[in-house]
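Undergrad: I have a structure I would like to understand better, so I am pasting it below and will then ask my questions one at a time.
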Amino acid sequence: MPPVLQVRDLQVTYYTDSGRARALDGVSLDLNPGEKLGLVGESGSGKSTMALAMMRMIKPPGRIEGGKVVVGGTDLTALSEEAMRKARLSKIAYIPQGAMNSLNPVIRIGAQMMDAIRAHNPEEPRAEAEERCMRALESVDLKRSVFKMYAHELSGGMKQRVCIAIGILLRPQVIIADEPTSALDVVTQRQVMETIDRIQHELGCAIILIGHDMGLMAQFVDKVAVMYAGRLVEVSRVRDMFTDPKHPYAQALIRSLPSLENKGVFQGIPGLAPSLLRLPSGCAYHPRCQHAMEICSRAVPPLETINGSRQVACHLYVEKDLYAEKA
Ligand code: SF4
């Protein structure tokens, strides 16, 4: 089965008064139907920029400077603005960080859902559109009565479910959820994640889950992609990532998780994430990496497939002959 999402060499730059910030530097990624990918990395690593670029929602001073995003065979980067507006929600949906706070407090939930449908299918008969909203609410474990309620009448978890219901109204093939459980208590977090999991099974869509919470990722995703300074540095099956991370930054991320062995002693990642305005030369992780070699400050390591199924961007894993060939 061909991938439902193909991202190729996606590049985003922000032109700020302080200089040019390369926020996404040639990111490529495939996702199969029904697959759940966790996108992780420190703040500023490019996770949300990646989501916005896939939705073509980068605002000035940012600019998509290259690359392709293909969903179900349609190249989103080649669509007109109008066609792209229609593709949002129907092909690819984005549930932004803090989405639940963006619900309009003075408009009933149902009216907000109907607006989303009307923007795509203005001809759809009202009764049909209402039934579609009701079914979406039920899919996320909310009662039909929520249709007539206001956001202030709902708990945080219920508001987040409403946002997910809006996201699935037009049965997109890809859903991107940016930190969908932040600001929720742990019990509600789990319930929201279980809802996302069930929806993914019902719709058969692919899901990209953006977040910091590696523990939550471990339970819900199939694959993990680690970003650092606007690049993907490792993409591995979730089990491989947690038991045998390959990239030194991915290793540091996993080591920083609390475990029974380290008895609550947290091991931070030394150094700070670099400024996108002044990225280190070569591998952007080299000033923090305990395995850094001479080549690391000179050459950007390509994202290469190793062991057949994993992708890692690190000179430790690049065949010496590859450099000879490229020289
Ligand atoms: Fe460390 Fe070099 Fe690998 Fe970068 S390329 S992660 S500096 S070993």
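By convention in this document, the chains of the structure tokens carry letters A, B, ... by their order, each chain's residues are numbered from 1, and ligands are numbered from 1 in the order they are shown.
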Counting only C-alpha atoms and all ligand atoms, what are the residues of chain A within 6 Å of ligand 1, and for each of them which pair of atoms is the nearest and at what distance in Å, to one decimal? Sort the table by chain and rising number, as a tab-separated table.

TA:
```
residue	atom	partner	partner_atom_place_in_ligand_line	distance
A:His247	CA	ligand 1	6 (S)	5.9
A:Pro248	CA	ligand 1	6 (S)	5.1
A:Cys283	CA	ligand 1	4 (Fe)	4.6
A:Tyr285	CA	ligand 1	4 (Fe)	5.1
A:His286	CA	ligand 1	7 (S)	3.5
A:Cys289	CA	ligand 1	1 (Fe)	4.7
A:His291	CA	ligand 1	8 (S)	4.6
A:Ala292	CA	ligand 1	7 (S)	4.0
A:Met293	CA	ligand 1	2 (Fe)	5.7
A:Cys296	CA	ligand 1	2 (Fe)	4.3
A:Pro301	CA	ligand 1	5 (S)	5.7
A:Cys314	CA	ligand 1	3 (Fe)	3.7
A:His315	CA	ligand 1	5 (S)	4.2
A:Leu316	CA	ligand 1	8 (S)	5.3
```

Undergrad: Can you pull out every residue within 12 Å of His152 of chain A, counting only C-alpha atoms, but drop anything in the same chain fewer than 6 positions away, and send it as a list in words?

TA: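 In the requested format, the answer is Met100, Asn101, Ser102, Leu103, Asn104, Pro105, Val106, Ile107, Arg108, Ile109, Val146, Met158 and Lys159 of chain A.
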
Undergrad: I'd like the neighbourhood of Ala51 of chain A as an MDAnalysis selection string, where a residue qualifies if any of its atoms comes within 9 Å (using only C-alpha atoms), though same-chain residues fewer than 3 positions away should be ignored.

TA: chainID A and resid 46:48 54:57 94 96 176:178 208 210

Undergrad: Okay, now the selection with C-alpha atoms, as a short mmCIF file (atom, residue, chain, number, x, y, z; two decimals), in the first residue's frame?

TA:
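part23.cif, written as the output of this step:
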```cif
data_model
loop_
_atom_site.label_atom_id
_atom_site.label_comp_id
_atom_site.auth_asym_id
_atom_site.auth_seq_id
_atom_site.Cartn_x
_atom_site.Cartn_y
_atom_site.Cartn_z
CA GLY A 46 10.71 22.53 14.40
CA LYS A 47 7.83 20.20 15.35
CA SER A 48 5.04 22.77 15.13
CA MET A 54 2.21 20.50 6.00
CA MET A 55 -1.03 22.49 6.36
CA ARG A 56 0.45 25.39 4.33
CA MET A 57 -0.29 27.65 7.27
CA TYR A 94 -4.64 19.97 12.27
CA PRO A 96 -3.31 22.98 17.12
CA ILE A 176 -1.94 16.18 13.08
CA ALA A 177 -2.50 16.71 16.80
CA ASP A 178 -0.12 19.23 18.42
CA ILE A 208 0.99 12.59 13.73
CA ILE A 210 3.41 16.15 18.40
#
```

Undergrad: Which residues are near Ala136 of chain A? Cut-off 9 Å, only C-alpha atoms, ignore same chain within fewer than 5 positions. Put them as a ChimeraX atom specification.

TA: /A:131,141-142,162,164-166,168-169

Undergrad: Could you write out that same residue set with all heavy atoms as a short mmCIF file (atom, residue, chain, number, x, y, z; two decimals), in the first residue's frame?

TA:
```cif
data_model
loop_
_atom_site.label_atom_id
_atom_site.label_comp_id
_atom_site.auth_asym_id
_atom_site.auth_seq_id
_atom_site.Cartn_x
_atom_site.Cartn_y
_atom_site.Cartn_z
N GLU A 131 -26.45 15.89 11.50
CA GLU A 131 -26.27 14.48 11.86
C GLU A 131 -24.78 14.13 11.82
O GLU A 131 -24.27 13.40 12.67
CB GLU A 131 -27.08 13.61 10.89
CG GLU A 131 -27.04 12.12 11.16
CD GLU A 131 -27.45 11.73 12.60
OE1 GLU A 131 -28.24 12.47 13.23
OE2 GLU A 131 -26.93 10.70 13.08
N ASP A 141 -16.83 10.23 22.20
CA ASP A 141 -17.43 9.95 23.52
C ASP A 141 -18.11 11.14 24.16
O ASP A 141 -18.07 11.29 25.38
CB ASP A 141 -16.37 9.41 24.50
CG ASP A 141 -15.92 8.02 24.11
OD1 ASP A 141 -16.77 7.27 23.58
OD2 ASP A 141 -14.75 7.71 24.34
N LEU A 142 -18.68 12.01 23.34
CA LEU A 142 -19.47 13.11 23.90
C LEU A 142 -20.93 12.88 23.55
O LEU A 142 -21.25 12.24 22.53
CB LEU A 142 -19.02 14.45 23.30
CG LEU A 142 -17.64 14.96 23.76
CD1 LEU A 142 -17.24 16.20 22.97
CD2 LEU A 142 -17.62 15.27 25.25
N VAL A 162 -14.10 18.05 21.68
CA VAL A 162 -14.84 18.82 20.66
C VAL A 162 -13.88 19.17 19.52
O VAL A 162 -14.21 19.03 18.33
CB VAL A 162 -15.47 20.09 21.25
CG1 VAL A 162 -15.93 21.04 20.15
CG2 VAL A 162 -16.63 19.74 22.18
N ILE A 164 -11.23 17.60 18.61
CA ILE A 164 -10.95 16.39 17.84
C ILE A 164 -12.15 16.08 16.94
O ILE A 164 -12.00 15.72 15.77
CB ILE A 164 -10.63 15.19 18.77
CG1 ILE A 164 -9.39 15.51 19.61
CG2 ILE A 164 -10.42 13.92 17.96
CD1 ILE A 164 -9.11 14.54 20.74
N ALA A 165 -13.38 16.26 17.48
CA ALA A 165 -14.59 16.01 16.67
C ALA A 165 -14.61 16.92 15.44
O ALA A 165 -14.95 16.48 14.34
CB ALA A 165 -15.84 16.23 17.52
N ILE A 166 -14.22 18.19 15.62
CA ILE A 166 -14.17 19.10 14.46
C ILE A 166 -13.12 18.59 13.47
O ILE A 166 -13.34 18.58 12.27
CB ILE A 166 -13.87 20.55 14.93
CG1 ILE A 166 -15.05 21.08 15.76
CG2 ILE A 166 -13.60 21.47 13.73
CD1 ILE A 166 -14.83 22.44 16.42
N ILE A 168 -12.29 15.62 12.78
CA ILE A 168 -12.65 14.41 12.02
C ILE A 168 -13.95 14.56 11.23
O ILE A 168 -14.40 13.62 10.58
CB ILE A 168 -12.78 13.16 12.94
CG1 ILE A 168 -13.88 13.37 13.98
CG2 ILE A 168 -11.46 12.84 13.59
CD1 ILE A 168 -14.25 12.10 14.73
N LEU A 169 -14.55 15.77 11.26
CA LEU A 169 -15.85 15.97 10.61
C LEU A 169 -15.85 15.52 9.15
O LEU A 169 -16.83 14.96 8.66
CB LEU A 169 -16.23 17.47 10.64
CG LEU A 169 -16.95 17.96 11.89
CD1 LEU A 169 -17.11 19.46 11.82
CD2 LEU A 169 -18.30 17.28 12.03
#
```

Undergrad: Which residues are near Pro60 of chain A? Cut-off 12 Å, only C-alpha atoms, ignore same chain within fewer than 5 positions. Put them as number ranges by chain.

TA: A: 12-16

Undergrad: Can you pull out every residue within 7 Å of Leu31 of chain A, counting only C-alpha atoms, but drop anything in the same chain fewer than 6 positions away, and send it as a PyMOL selection string?

TA: chain A and resi 3-6+206

Undergrad: Would you mind exporting the chosen residues as a PDB file, in the first residue's frame, restricted to C-alpha atoms?

TA:
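Wrote it out as part_31.pdb, contents follow:
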```
ATOM      1  CA  PRO A   3       2.147   5.876   1.918  1.00  0.00           C
ATOM      2  CA  VAL A   4      -0.825   8.158   2.625  1.00  0.00           C
ATOM      3  CA  LEU A   5       1.559  10.992   3.486  1.00  0.00           C
ATOM      4  CA  GLN A   6       4.814  11.755   1.744  1.00  0.00           C
ATOM      5  CA  ALA A 206      -2.705   8.259   9.780  1.00  0.00           C
TER       6      ALA A 206
END
```

Undergrad: Counting only C-alpha atoms, which of A:Ile117, A:Ala83, A:Met1, A:Ala250 gets nearest to Tyr228 of chain A?

TA: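 For Tyr228 of chain A, the nearest of the candidates is A:Ala250.
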
Undergrad: What lies within 9 Å of Leu216 of chain A using only C-alpha atoms, ignoring chain neighbours under 3 positions off, as a PyMOL selection string?

TA: chain A and resi 189-190+193+211-213+219-221

Undergrad: Using only C-alpha atoms, can you tell me which of A:Ser18, A:Thr195, A:Gln97, A:Asn307 comes closest to Asp240 of chain A?

TA: A:Asn307

Undergrad: Give me, please, the distance in Å between atom CA of Ala284 of chain A and atom CA of Arg22 of chain A, quoted to one decimal.

TA: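 Interatomic distance here is 12.0 Å.
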